[in-house]
$ cat work_30.cif   # mmCIF, C-alpha atoms
data_entry
loop_
_atom_site.label_atom_id
_atom_site.label_comp_id
_atom_site.auth_asym_id
_atom_site.auth_seq_id
_atom_site.Cartn_x
_atom_site.Cartn_y
_atom_site.Cartn_z
CA MET R 30 9.81 -27.81 -19.08
CA ALA R 31 13.17 -27.70 -20.85
CA TYR R 32 16.16 -29.75 -19.81
CA PRO R 33 19.57 -28.32 -20.80
CA SER R 34 21.88 -30.88 -22.34
CA PRO R 35 24.17 -32.34 -19.70
CA ALA R 36 27.59 -33.91 -20.13
CA CYS R 37 26.73 -37.57 -20.67
CA PHE R 38 28.50 -40.76 -21.62
CA THR R 39 27.76 -44.46 -21.90
CA ASN R 40 28.46 -46.29 -18.65
CA PRO R 41 31.09 -49.02 -19.15
CA LEU R 42 30.24 -50.54 -15.74
CA SER R 43 26.63 -51.25 -16.64
CA THR R 44 27.25 -54.57 -18.33
CA GLY R 45 28.07 -57.91 -16.83
CA LEU R 46 26.47 -60.27 -14.33
CA MET R 47 24.37 -57.74 -12.43
CA THR R 48 23.09 -55.75 -15.37
CA GLN R 49 21.03 -52.66 -14.73
CA THR R 50 21.49 -50.18 -17.51
CA THR R 51 20.41 -46.79 -18.61
CA PRO R 52 21.43 -45.53 -22.02
CA LYS R 53 23.60 -42.72 -20.76
CA ARG R 54 24.94 -41.40 -17.49
CA CYS R 55 25.21 -37.69 -16.79
CA ILE R 56 27.52 -35.75 -14.49
CA THR R 57 26.41 -32.14 -14.84
CA ALA R 58 23.28 -30.08 -14.40
CA SER R 59 22.18 -26.58 -15.40
CA SER R 60 22.47 -23.64 -13.00
CA SER R 61 18.68 -23.49 -12.65
CA GLN R 62 18.60 -27.16 -11.65
CA TYR R 63 21.35 -26.60 -9.08
CA LYS R 64 19.38 -23.65 -7.71
CA LEU R 65 16.21 -25.72 -7.45
CA ALA R 66 18.04 -28.60 -5.79
CA SER R 67 19.62 -26.20 -3.29
CA SER R 68 16.25 -24.65 -2.42
CA ILE R 69 14.62 -28.04 -1.89
CA SER R 70 17.62 -29.24 0.09
CA LEU R 71 17.39 -26.28 2.47
CA GLY R 72 14.03 -27.63 3.61
CA GLY R 73 15.47 -31.12 3.99
CA MET R 74 18.32 -29.73 6.06
CA LEU R 75 15.95 -27.97 8.45
CA GLU R 76 13.62 -30.96 8.60
CA ILE R 77 16.38 -33.35 9.69
CA TYR R 78 17.71 -30.73 12.10
CA ASP R 79 14.28 -30.49 13.72
CA PHE R 80 13.98 -34.26 13.98
CA LEU R 81 17.46 -35.06 15.31
CA ILE R 82 17.73 -32.20 17.79
CA TYR R 83 15.64 -34.42 20.06
CA GLY R 84 18.46 -36.99 20.04
CA LEU R 85 21.12 -34.34 20.63
CA MET R 86 19.20 -33.01 23.64
CA ALA R 87 18.38 -36.54 24.88
CA SER R 88 20.13 -36.25 28.25
CA TYR R 89 18.32 -32.99 29.13
CA ILE R 90 14.99 -34.31 27.91
CA ALA R 91 15.56 -37.41 30.06
CA GLU R 92 16.03 -35.25 33.16
CA ASN R 93 13.00 -33.03 32.44
CA PHE R 94 10.48 -35.57 31.15
CA PHE R 95 11.63 -39.03 32.28
CA PRO R 96 13.19 -38.63 35.75
CA ALA R 97 14.62 -41.82 37.23
CA GLU R 98 17.21 -42.81 39.82
CA ASP R 99 19.19 -44.71 37.21
CA HIS R 100 20.50 -42.33 34.52
CA ILE R 101 20.75 -45.06 31.88
CA THR R 102 17.12 -46.08 32.51
CA SER R 103 16.07 -42.46 32.06
CA LEU R 104 18.08 -42.31 28.84
CA ILE R 105 16.50 -45.56 27.60
CA ASN R 106 13.03 -44.04 28.12
CA THR R 107 14.11 -40.98 26.15
CA PHE R 108 15.46 -43.07 23.27
CA ALA R 109 12.28 -45.16 23.33
CA THR R 110 10.36 -41.95 22.64
CA PHE R 111 12.92 -41.19 19.95
CA ALA R 112 12.06 -44.55 18.37
CA ILE R 113 8.34 -43.73 18.53
CA GLY R 114 9.02 -40.80 16.20
CA TYR R 115 10.48 -43.25 13.70
CA LEU R 116 7.56 -45.62 14.01
CA THR R 117 5.06 -42.98 12.83
CA ARG R 118 7.16 -42.17 9.78
CA PRO R 119 5.75 -45.07 7.73
CA PHE R 120 2.20 -43.91 8.39
CA GLY R 121 3.17 -40.37 7.42
CA GLY R 122 4.85 -41.75 4.32
CA VAL R 123 1.72 -43.64 3.26
CA VAL R 124 -0.52 -40.61 3.79
CA PHE R 125 1.80 -38.07 2.17
CA GLY R 126 2.67 -40.54 -0.58
CA HIS R 127 -1.02 -41.07 -1.36
CA PHE R 128 -1.73 -37.36 -1.67
CA GLY R 129 1.56 -36.77 -3.49
CA ASP R 130 0.73 -39.38 -6.14
CA ARG R 131 -2.90 -38.31 -6.39
CA TYR R 132 -2.74 -34.52 -6.17
CA GLY R 133 0.87 -33.44 -6.66
CA ARG R 134 4.32 -33.55 -5.14
CA LYS R 135 4.75 -29.83 -4.42
CA LYS R 136 1.71 -29.19 -2.22
CA THR R 137 2.27 -32.36 -0.23
CA PHE R 138 5.87 -31.97 0.83
CA THR R 139 5.38 -28.23 1.33
CA PHE R 140 2.80 -29.01 3.99
CA SER R 141 5.12 -31.58 5.59
CA ILE R 142 7.71 -28.96 6.50
CA PHE R 143 5.02 -26.68 7.92
CA LEU R 144 3.84 -29.47 10.23
CA MET R 145 7.39 -30.26 11.32
CA ALA R 146 8.12 -26.59 12.09
CA VAL R 147 5.03 -26.21 14.27
CA THR R 148 5.56 -29.42 16.26
CA THR R 149 9.25 -28.62 16.82
CA ALA R 150 8.47 -25.14 18.14
CA LEU R 151 5.83 -26.58 20.47
CA MET R 152 8.34 -29.09 21.86
CA GLY R 153 10.49 -26.17 22.92
CA CYS R 154 7.55 -24.66 24.85
CA LEU R 155 6.40 -27.84 26.61
CA PRO R 156 6.47 -27.82 30.46
CA GLY R 157 8.42 -30.63 32.11
CA TRP R 158 7.55 -33.36 34.63
CA ASN R 159 8.05 -31.05 37.62
CA SER R 160 5.37 -28.67 36.26
CA ILE R 161 2.60 -30.89 34.90
CA GLY R 162 3.63 -34.40 35.97
CA SER R 163 2.84 -37.35 33.69
CA ALA R 164 1.12 -35.04 31.19
CA ALA R 165 4.59 -33.82 30.19
CA PRO R 166 5.96 -37.07 28.71
CA ILE R 167 2.55 -37.92 27.21
CA THR R 168 2.39 -34.59 25.38
CA LEU R 169 6.02 -34.94 24.33
CA ILE R 170 5.25 -38.36 22.86
CA LEU R 171 2.28 -36.96 20.92
CA LEU R 172 4.43 -34.17 19.46
CA ARG R 173 7.11 -36.71 18.61
CA LEU R 174 4.48 -38.77 16.79
CA LEU R 175 3.58 -35.70 14.69
CA GLN R 176 7.25 -35.02 14.00
CA GLY R 177 7.72 -38.53 12.68
CA PHE R 178 4.52 -38.27 10.67
CA SER R 179 5.69 -35.08 8.93
CA LEU R 180 9.20 -36.40 8.28
CA GLY R 181 7.57 -39.40 6.63
CA GLY R 182 6.49 -37.16 3.77
CA GLU R 183 9.37 -34.68 3.65
CA ILE R 184 12.50 -36.48 2.48
CA PRO R 185 10.69 -38.98 0.17
CA GLY R 186 8.82 -36.01 -1.33
CA ALA R 187 12.08 -34.17 -1.90
CA ILE R 188 13.68 -37.26 -3.48
CA THR R 189 10.69 -37.76 -5.78
CA TYR R 190 10.43 -34.10 -6.76
CA LEU R 191 14.16 -33.70 -7.46
CA SER R 192 14.39 -36.92 -9.48
CA GLU R 193 11.44 -35.86 -11.65
CA THR R 194 12.65 -32.30 -12.23
CA THR R 195 16.22 -33.41 -13.00
CA PRO R 196 15.75 -36.98 -14.27
CA GLU R 197 19.06 -37.44 -16.08
CA ARG R 198 21.05 -36.23 -13.06
CA ARG R 199 18.94 -37.63 -10.25
CA GLY R 200 21.87 -39.11 -8.32
CA LEU R 201 23.66 -35.77 -8.44
CA VAL R 202 20.72 -33.69 -7.18
CA ILE R 203 19.73 -36.25 -4.54
CA GLY R 204 23.37 -36.12 -3.45
CA ILE R 205 22.90 -32.36 -2.99
CA LEU R 206 19.84 -33.09 -0.84
CA PHE R 207 21.75 -35.44 1.44
CA LEU R 208 24.74 -33.11 1.53
CA ALA R 209 22.33 -30.53 2.96
CA ILE R 210 20.98 -33.10 5.39
CA MET R 211 24.52 -33.75 6.62
CA ILE R 212 24.94 -30.01 7.03
CA GLY R 213 21.69 -30.11 9.02
CA VAL R 214 23.35 -32.62 11.36
CA SER R 215 26.31 -30.24 11.68
CA PHE R 216 23.99 -27.30 12.25
CA GLY R 217 22.23 -29.16 15.04
CA THR R 218 25.48 -30.09 16.76
CA PHE R 219 26.79 -26.54 16.24
CA VAL R 220 23.77 -25.06 18.04
CA HIS R 221 24.19 -27.71 20.72
CA GLY R 222 27.89 -26.90 21.10
CA MET R 223 27.29 -23.15 21.33
CA LEU R 224 24.77 -23.67 24.10
CA GLU R 225 27.06 -26.05 25.99
CA MET R 226 29.87 -23.50 25.72
CA TYR R 227 28.03 -20.39 26.83
CA LEU R 228 25.37 -21.70 29.22
CA PRO R 229 26.04 -23.30 32.61
CA ALA R 230 24.77 -26.82 33.20
CA GLU R 231 21.87 -25.66 35.36
CA ALA R 232 20.67 -23.19 32.70
CA MET R 233 20.88 -25.89 30.03
CA LYS R 234 18.77 -28.20 32.17
CA GLU R 235 16.15 -25.55 32.92
CA TRP R 236 15.68 -23.77 29.58
CA GLY R 237 18.76 -23.92 27.33
CA TRP R 238 17.76 -27.25 25.81
CA ARG R 239 14.62 -25.55 24.44
CA VAL R 240 16.51 -23.05 22.26
CA PRO R 241 17.36 -25.46 19.40
CA PHE R 242 13.66 -26.36 19.09
CA TRP R 243 12.69 -22.70 18.80
CA VAL R 244 15.41 -22.10 16.20
CA GLY R 245 14.31 -25.09 14.13
CA GLY R 246 10.65 -24.15 14.24
CA SER R 247 11.36 -20.58 13.12
CA LEU R 248 13.60 -21.60 10.21
CA GLY R 249 11.10 -24.25 9.16
CA ILE R 250 8.39 -21.63 8.68
CA ILE R 251 10.77 -19.64 6.46
CA SER R 252 11.44 -22.75 4.35
CA TYR R 253 7.70 -23.36 4.07
CA HIS R 254 7.21 -19.91 2.50
CA ILE R 255 10.06 -20.59 0.05
CA ARG R 256 8.51 -23.86 -1.10
CA LYS R 257 5.13 -22.29 -1.78
CA HIS R 258 6.63 -20.68 -4.90
CA PHE R 259 7.88 -23.91 -6.54
CA SER R 260 6.30 -25.34 -9.69
CA GLU R 261 4.87 -28.86 -9.85
CA SER R 262 6.93 -31.78 -11.14
CA GLY R 263 6.68 -32.16 -14.92
CA PHE R 264 6.26 -35.93 -14.68
CA PHE R 265 3.29 -35.55 -12.34
CA GLU R 266 1.77 -32.87 -14.59
CA ALA R 267 1.97 -35.34 -17.47
CA LEU R 268 0.10 -37.91 -15.38
CA ASP R 269 -2.44 -35.31 -14.33
CA GLN R 270 -3.13 -34.29 -17.93
CA THR R 271 -3.83 -37.88 -18.93
CA LYS R 272 -5.70 -38.70 -15.69
CA ALA R 273 -3.31 -41.62 -15.15
CA GLN R 274 -2.92 -41.30 -11.37
CA ALA R 275 -3.45 -44.46 -9.34
CA SER R 276 -6.73 -44.41 -7.39
CA ILE R 277 -5.15 -46.00 -4.32
CA PRO R 278 -1.35 -45.94 -4.84
CA ILE R 279 -0.52 -48.08 -1.79
CA VAL R 280 -2.69 -50.94 -3.10
CA LEU R 281 -1.08 -50.79 -6.54
CA LEU R 282 2.34 -50.69 -4.87
CA PHE R 283 1.91 -53.93 -2.95
CA THR R 284 -0.03 -55.81 -5.64
CA GLN R 285 2.14 -55.04 -8.68
CA HIS R 286 5.51 -53.76 -7.39
CA THR R 287 6.47 -56.09 -4.54
CA ARG R 288 10.00 -56.61 -5.89
CA GLY R 289 10.58 -52.88 -5.80
CA VAL R 290 9.33 -52.74 -2.20
CA ILE R 291 11.62 -55.56 -1.05
CA CYS R 292 14.67 -54.11 -2.80
CA GLY R 293 13.87 -50.65 -1.48
CA LEU R 294 13.47 -51.87 2.11
CA MET R 295 16.77 -53.71 2.03
CA THR R 296 18.55 -50.70 0.55
CA ILE R 297 17.15 -48.16 2.98
CA GLY R 298 17.44 -50.56 5.92
CA LEU R 299 21.20 -50.51 5.44
CA CYS R 300 21.19 -46.74 5.00
CA GLY R 301 18.88 -46.09 7.97
CA SER R 302 20.81 -48.20 10.45
CA THR R 303 24.18 -46.81 9.37
CA VAL R 304 23.14 -43.16 9.38
CA THR R 305 21.21 -43.42 12.66
CA ILE R 306 24.01 -45.12 14.58
CA TYR R 307 26.87 -43.02 13.23
CA SER R 308 25.16 -39.62 13.36
CA ILE R 309 22.15 -39.38 15.69
CA TYR R 310 23.13 -42.02 18.26
CA MET R 311 26.85 -41.27 18.54
CA PRO R 312 26.78 -37.95 20.48
CA GLY R 313 24.77 -39.53 23.31
CA PHE R 314 26.83 -42.74 23.13
CA LEU R 315 30.12 -40.87 23.38
CA SER R 316 29.11 -38.53 26.18
CA SER R 317 26.78 -40.69 28.30
CA LEU R 318 28.38 -44.13 27.90
CA LEU R 319 32.03 -43.45 27.07
CA GLY R 320 32.45 -40.31 29.16
CA PHE R 321 33.63 -37.82 26.54
CA PRO R 322 32.81 -34.17 27.40
CA ARG R 323 29.52 -33.09 25.80
CA GLU R 324 30.92 -29.82 24.52
CA ALA R 325 33.87 -31.54 22.84
CA VAL R 326 31.59 -34.16 21.27
CA ALA R 327 29.32 -31.45 19.88
CA TRP R 328 32.15 -29.46 18.30
CA HIS R 329 33.98 -32.44 16.83
CA THR R 330 30.72 -33.78 15.39
CA THR R 331 29.98 -30.41 13.81
CA LEU R 332 33.39 -30.16 12.20
CA ALA R 333 33.60 -33.78 11.03
CA PHE R 334 30.15 -33.86 9.42
CA LEU R 335 30.66 -30.47 7.80
CA MET R 336 34.00 -31.53 6.33
CA LEU R 337 32.69 -34.85 5.05
CA SER R 338 29.27 -33.71 3.78
CA PRO R 339 30.59 -33.28 0.18
CA LEU R 340 30.98 -37.08 0.11
CA CYS R 341 27.19 -37.27 -0.18
CA LEU R 342 27.44 -35.37 -3.45
CA ILE R 343 30.31 -37.53 -4.72
CA PHE R 344 28.61 -40.83 -3.92
CA GLY R 345 25.30 -39.54 -5.25
CA LEU R 346 27.08 -38.78 -8.51
CA LEU R 347 28.54 -42.31 -8.51
CA SER R 348 24.99 -43.70 -8.44
CA ASP R 349 24.53 -42.03 -11.84
CA LEU R 350 27.63 -43.81 -13.13
CA MET R 351 27.78 -47.26 -11.52
CA ASN R 352 25.73 -50.43 -11.46
CA HIS R 353 23.21 -50.08 -8.63
CA LYS R 354 23.46 -53.64 -7.34
CA LEU R 355 27.21 -53.23 -7.16
CA ILE R 356 26.78 -50.09 -5.04
CA LEU R 357 24.52 -51.87 -2.55
CA GLY R 358 26.82 -54.90 -2.35
CA ILE R 359 29.92 -52.79 -1.71
CA MET R 360 28.16 -50.70 0.95
CA ALA R 361 26.91 -53.80 2.78
CA ILE R 362 30.39 -55.32 2.84
CA VAL R 363 31.97 -52.07 4.02
CA VAL R 364 29.47 -51.62 6.88
CA ALA R 365 29.73 -55.28 7.95
CA THR R 366 33.52 -55.37 7.97
CA THR R 367 34.30 -51.95 9.45
CA SER R 368 31.73 -51.58 12.24
CA TRP R 369 33.26 -54.05 14.69
CA PRO R 370 36.84 -52.69 14.53
CA ALA R 371 35.43 -49.15 14.56
CA PHE R 372 33.52 -49.65 17.81
CA GLN R 373 36.42 -51.57 19.33
CA TYR R 374 38.51 -48.48 18.68
CA PHE R 375 35.82 -46.11 19.99
CA SER R 376 35.78 -47.99 23.31
CA SER R 377 39.56 -48.27 23.67
CA PRO R 378 41.52 -46.05 26.08
CA ASP R 379 43.59 -44.68 23.19
CA ALA R 380 40.61 -43.49 21.14
CA GLU R 381 40.78 -39.86 20.00
CA LEU R 382 37.51 -37.98 19.65
CA ASN R 383 38.36 -36.30 16.35
CA LYS R 384 39.25 -39.65 14.74
CA ILE R 385 36.10 -41.29 16.12
CA LEU R 386 33.84 -38.67 14.56
CA LEU R 387 35.74 -38.63 11.27
CA ILE R 388 35.05 -42.36 10.99
CA CYS R 389 31.39 -41.80 11.87
CA GLY R 390 31.03 -38.95 9.37
CA LEU R 391 32.71 -40.96 6.62
CA LEU R 392 30.37 -43.93 6.97
CA ALA R 393 27.22 -41.82 7.41
CA ALA R 394 28.02 -39.62 4.39
CA THR R 395 28.87 -42.59 2.18
CA ALA R 396 25.65 -44.44 3.01
CA SER R 397 23.37 -41.40 2.71
CA GLY R 398 24.92 -40.33 -0.60
CA ALA R 399 25.07 -43.71 -2.34
CA LEU R 400 21.92 -45.57 -1.29
CA PRO R 401 18.78 -43.33 -1.47
CA PRO R 402 19.17 -42.56 -5.22
CA LEU R 403 18.76 -46.28 -5.91
CA LEU R 404 15.08 -46.04 -4.97
CA ILE R 405 14.14 -44.00 -8.04
CA SER R 406 14.39 -46.84 -10.54
CA PHE R 407 12.20 -49.17 -8.45
CA PHE R 408 8.87 -47.40 -9.06
CA PRO R 409 6.96 -45.82 -12.00
CA THR R 410 5.66 -42.24 -11.85
CA GLU R 411 2.08 -43.05 -10.77
CA ILE R 412 3.26 -44.63 -7.47
CA ARG R 413 6.76 -43.19 -7.15
CA TYR R 414 6.09 -40.95 -4.14
CA THR R 415 4.24 -43.74 -2.32
CA GLY R 416 6.89 -46.33 -3.16
CA ILE R 417 9.81 -44.16 -2.07
CA ALA R 418 7.99 -42.99 1.06
CA THR R 419 7.05 -46.54 2.03
CA CYS R 420 10.54 -47.97 1.58
CA TYR R 421 12.35 -44.98 3.02
CA ASN R 422 10.21 -44.70 6.11
CA PHE R 423 9.72 -48.37 6.87
CA GLY R 424 13.45 -48.88 6.30
CA PHE R 425 14.38 -46.14 8.74
CA ALA R 426 11.63 -47.10 11.21
CA ILE R 427 12.44 -50.81 11.35
CA PHE R 428 16.21 -50.71 11.04
CA GLY R 429 17.09 -47.18 12.18
CA GLY R 430 14.44 -46.23 14.71
CA ILE R 431 15.18 -49.05 17.13
CA ALA R 432 18.96 -48.80 16.71
CA PRO R 433 19.66 -46.29 19.57
CA PHE R 434 17.26 -48.07 21.93
CA THR R 435 18.67 -51.52 21.12
CA SER R 436 22.28 -50.34 21.37
CA THR R 437 21.71 -48.62 24.73
CA LEU R 438 19.89 -51.69 26.02
CA LEU R 439 22.84 -53.88 25.02
CA ALA R 440 25.18 -51.50 26.83
CA LYS R 441 23.12 -51.67 30.02
CA TYR R 442 22.59 -55.40 30.29
CA SER R 443 25.79 -56.75 28.78
CA SER R 444 28.29 -53.91 29.37
CA ASN R 445 29.14 -54.37 25.72
CA THR R 446 29.90 -51.00 24.15
CA THR R 447 30.42 -52.72 20.80
CA GLY R 448 26.74 -53.69 20.68
CA PRO R 449 26.00 -51.22 17.85
CA ALA R 450 28.63 -52.97 15.72
CA ILE R 451 26.82 -56.30 16.09
CA TYR R 452 23.57 -54.62 15.13
CA LEU R 453 25.06 -52.93 12.06
CA SER R 454 26.77 -56.10 10.86
CA LEU R 455 23.51 -58.03 11.11
CA ILE R 456 21.59 -55.42 9.10
CA ALA R 457 24.33 -55.34 6.47
CA VAL R 458 24.08 -59.10 5.98
CA ILE R 459 20.26 -58.91 5.76
CA SER R 460 20.50 -56.20 3.08
CA LEU R 461 22.44 -58.58 0.84
CA ILE R 462 19.15 -60.46 0.26
CA ALA R 463 18.28 -57.76 -2.26
CA LEU R 464 21.17 -58.85 -4.51
CA PHE R 465 19.43 -62.17 -5.21
CA ILE R 466 16.19 -60.56 -6.40
CA PRO R 467 15.65 -59.37 -10.01
CA TRP R 468 15.61 -55.58 -9.65
CA PRO R 469 13.01 -53.40 -11.32
CA ASN R 470 14.63 -50.89 -13.63
CA VAL R 471 12.16 -48.08 -14.36
CA GLN R 472 13.71 -45.61 -16.77
CA LEU R 473 13.35 -41.96 -15.82
CA THR R 474 14.43 -39.91 -18.81
CA THR R 475 13.48 -36.72 -20.57
CA ASP R 476 12.34 -38.83 -23.54
CA GLN R 477 9.86 -40.62 -21.28
CA PHE R 478 8.69 -37.28 -19.90
CA ASP R 479 8.14 -35.89 -23.40
CA GLU R 480 6.17 -38.99 -24.41
CA GLU R 481 3.94 -38.77 -21.33
CA ARG R 482 3.39 -35.05 -21.79
CA ASN R 483 2.37 -35.48 -25.43
CA LEU R 484 -0.15 -38.28 -24.82
#
$ encode --input "work_30.cif" --output "structure tokens"
Amino acid sequence: MAYPSPACFTNPLSTGLMTQTTPKRCITASSSQYKLASSISLGGMLEIYDFLIYGLMASYIAENFFPAEDHITSLINTFATFAIGYLTRPFGGVVFGHFGDRYGRKKTFTFSIFLMAVTTALMGCLPGWNSIGSAAPITLILLRLLQGFSLGGEIPGAITYLSETTPERRGLVIGILFLAIMIGVSFGTFVHGMLEMYLPAEAMKEWGWRVPFWVGGSLGIISYHIRKHFSESGFFEALDQTKAQASIPIVLLFTQHTRGVICGLMTIGLCGSTVTIYSIYMPGFLSSLLGFPREAVAWHTTLAFLMLSPLCLIFGLLSDLMNHKLILGIMAIVVATTSWPAFQYFSSPDAELNKILLICGLLAATASGALPPLLISFFPTEIRYTGIATCYNFGFAIFGGIAPFTSTLLAKYSSNTTGPAIYLSLIAVISLIALFIPWPNVQLTTDQFDEERNL
């Protein structure tokens, strides 16, 4: 596998107190690498669309599957099921990570999108409480478990595969992945907005909410067929040729790479809580708790996230240029210091919807562009998929999955609409623990790849 020479330079920010260096930093990639990154990112976009459409349709799902006299109680039950999807992500990450490190990245995360597409389509076909009673929410929960399981392998697999096929520009190509994921958020809210605009409320309640699930399932199958034609990662092929795969990657991860796990969890915990609150939770928060019109929320979210999605690319590129500890420290401080005034503004009578969602999009794009690329240097090739999947999924499950449920619960029992700000500030402070741990710094370069391939 040939790597065209990128534009590279020595990083002047990589010296000092928090040293974490690589010999050179690169800011460009070849056209073939951009094409590959775009193709992989298309799958990531559809995968996140499939997963978050549940949150966007939360109020309709609450009425159809969790009927209750109290609307907020019904919504809490719906978000609890949303959290269940997050809780199965770590298990999916362990399973997909094991097979990805043992048998290859490509086959593993190709299957993950197939599983997500099928479960999403089935969600759109599921009868509600009025048709099959308690079997409806039980089946919905089972499908949500499978959704979370498949997502557990998808995004970590894409991060691993992209970093190993474009090692010198991994921040850049992972930034492309998360740019596409932001577009997936916009795509979901766009579909939601179109339905709210053209369908009456009764039609949305009866069948309109199902349409986004059918759309996501269909597009996921298309992405599955695209991925079948990809080649395997060169770094994994080098391991395969030398039979250097770990027998049980998860055991090796926790016995020899605990520092990487801790640093990864703190990094993704900050990312997961920020992205979940400011993207997936906000549409329901704004419409159900603050009273903004659903249609207006959907359209403003679509526009704001689409406009700000290039920030993922920019901040991903910065991770190729800046000290990684510095990036995490800055992000933690920004989240901790801006969340409280942000939610105070959101809840004020003078708040404007377009400004609210621009703030949300800015923080979500910054976190998702800057933080996930930091995972790459925590783990060597033989456990990289498992390590990234474990940290990414446990981080999102623990810190992101319970965020909507916890925030809604705070709103119900304390009438405190700034509850999410308290939650985000707490997670930001916890993430700073990682700055006091010596970070692993696994080099991922074409020189290393050539050495492994020639063994």
$ residues_near_point --input "work_30.cif" --point "(3.5, -37.5, 27.1)" --cutoff "12 Å" --atoms "all atoms listed in the file" --output "PDB file with C-alpha atoms, in the frame of the given file"
ATOM      1  CA  ILE R  90      14.990 -34.310  27.910  1.00  0.00           C
ATOM      2  CA  ASN R  93      13.000 -33.030  32.440  1.00  0.00           C
ATOM      3  CA  PHE R  94      10.480 -35.570  31.150  1.00  0.00           C
ATOM      4  CA  PHE R  95      11.630 -39.030  32.280  1.00  0.00           C
ATOM      5  CA  ASN R 106      13.030 -44.040  28.120  1.00  0.00           C
ATOM      6  CA  THR R 107      14.110 -40.980  26.150  1.00  0.00           C
ATOM      7  CA  THR R 110      10.360 -41.950  22.640  1.00  0.00           C
ATOM      8  CA  ILE R 113       8.340 -43.730  18.530  1.00  0.00           C
ATOM      9  CA  MET R 152       8.340 -29.090  21.860  1.00  0.00           C
ATOM     10  CA  LEU R 155       6.400 -27.840  26.610  1.00  0.00           C
ATOM     11  CA  PRO R 156       6.470 -27.820  30.460  1.00  0.00           C
ATOM     12  CA  GLY R 157       8.420 -30.630  32.110  1.00  0.00           C
ATOM     13  CA  TRP R 158       7.550 -33.360  34.630  1.00  0.00           C
ATOM     14  CA  ILE R 161       2.600 -30.890  34.900  1.00  0.00           C
ATOM     15  CA  GLY R 162       3.630 -34.400  35.970  1.00  0.00           C
ATOM     16  CA  SER R 163       2.840 -37.350  33.690  1.00  0.00           C
ATOM     17  CA  ALA R 164       1.120 -35.040  31.190  1.00  0.00           C
ATOM     18  CA  ALA R 165       4.590 -33.820  30.190  1.00  0.00           C
ATOM     19  CA  PRO R 166       5.960 -37.070  28.710  1.00  0.00           C
ATOM     20  CA  ILE R 167       2.550 -37.920  27.210  1.00  0.00           C
ATOM     21  CA  THR R 168       2.390 -34.590  25.380  1.00  0.00           C
ATOM     22  CA  LEU R 169       6.020 -34.940  24.330  1.00  0.00           C
ATOM     23  CA  ILE R 170       5.250 -38.360  22.860  1.00  0.00           C
ATOM     24  CA  LEU R 171       2.280 -36.960  20.920  1.00  0.00           C
ATOM     25  CA  LEU R 172       4.430 -34.170  19.460  1.00  0.00           C
ATOM     26  CA  ARG R 173       7.110 -36.710  18.610  1.00  0.00           C
ATOM     27  CA  LEU R 174       4.480 -38.770  16.790  1.00  0.00           C
TER      28      LEU R 174
END
$ resolve_selection --input "work_30.cif" --expression "the PyMOL selection byres ((chain R and resi 66) around 10)" --output "PyMOL selection string"
chain R and resi 60-65+67-71+187-188+190-192+194-195+201-206+209
$ closest_atom_pairs --input "work_30.cif" --of "segment 224-300 of chain R" --to "segment 75-87 of chain R" --cutoff "8 Å" --atoms "only C-alpha atoms" --output "JSON lines"
{"residue": "R:Trp238", "atom": "CA", "partner": "R:Met86", "partner_atom": "CA", "distance": 6.3}
{"residue": "R:Pro241", "atom": "CA", "partner": "R:Ile82", "partner_atom": "CA", "distance": 6.9}
{"residue": "R:Phe242", "atom": "CA", "partner": "R:Asp79", "partner_atom": "CA", "distance": 6.8}
{"residue": "R:Gly245", "atom": "CA", "partner": "R:Asp79", "partner_atom": "CA", "distance": 5.4}
{"residue": "R:Gly246", "atom": "CA", "partner": "R:Asp79", "partner_atom": "CA", "distance": 7.3}
{"residue": "R:Leu248", "atom": "CA", "partner": "R:Leu75", "partner_atom": "CA", "distance": 7.0}
{"residue": "R:Gly249", "atom": "CA", "partner": "R:Leu75", "partner_atom": "CA", "distance": 6.2}
$ residues_around --input "work_30.cif" --residues "Ile343 of chain R" --least-positions-apart "5" --cutoff "10 Å" --atoms "all atoms listed in the file" --output "list in words"
Gly200, Leu201, Gly204, Ile205, Leu208, Ser338, Ser348, Ala394, Thr395, Gly398 and Ala399 of chain R
$ write_last_selection --input "work_30.cif" --atoms "C-alpha atoms" --output "compact mmCIF listing (two decimals), in the coordinates of the input"
# COMPACT_ATOMS: atom_id res chain seq x y z
CA GLY R 200 21.87 -39.11 -8.32
CA LEU R 201 23.66 -35.77 -8.44
CA GLY R 204 23.37 -36.12 -3.45
CA ILE R 205 22.90 -32.36 -2.99
CA LEU R 208 24.74 -33.11 1.53
CA SER R 338 29.27 -33.71 3.78
CA SER R 348 24.99 -43.70 -8.44
CA ALA R 394 28.02 -39.62 4.39
CA THR R 395 28.87 -42.59 2.18
CA GLY R 398 24.92 -40.33 -0.60
CA ALA R 399 25.07 -43.71 -2.34
$ atom_distance --input "work_30.cif" --atom1 "atom CA of Gly121 of chain R" --atom2 "atom CA of Gly182 of chain R"
5.9 Å
$ closest_residue --input "work_30.cif" --among "R:Cys389, R:Leu315, R:Val290, R:Ile462" --to "Thr415 of chain R" --atoms "all atoms listed in the file"
R:Val290
$ resolve_selection --input "work_30.cif" --expression "the PyMOL selection byres ((chain R and resi 429) around 12)" --output "ChimeraX atom specification"
/R:108,111-116,118,294,297-310,421-428,430-436,449,452-453,456
$ resolve_selection --input "work_30.cif" --expression "the PyMOL selection byres ((chain R and resi 138-147) around 7)" --output "JSON, numbers by chain"
{"R": [76, 134, 135, 136, 137, 148, 149, 150, 151, 176, 179, 180, 182, 183, 186, 245, 246, 247, 249, 250, 253, 256, 257]}
$ closest_residue --input "work_30.cif" --among "R:Val220, R:Ile459, R:Ile451, R:Ile277" --to "Val244 of chain R" --atoms "all atoms listed in the file"
R:Val220
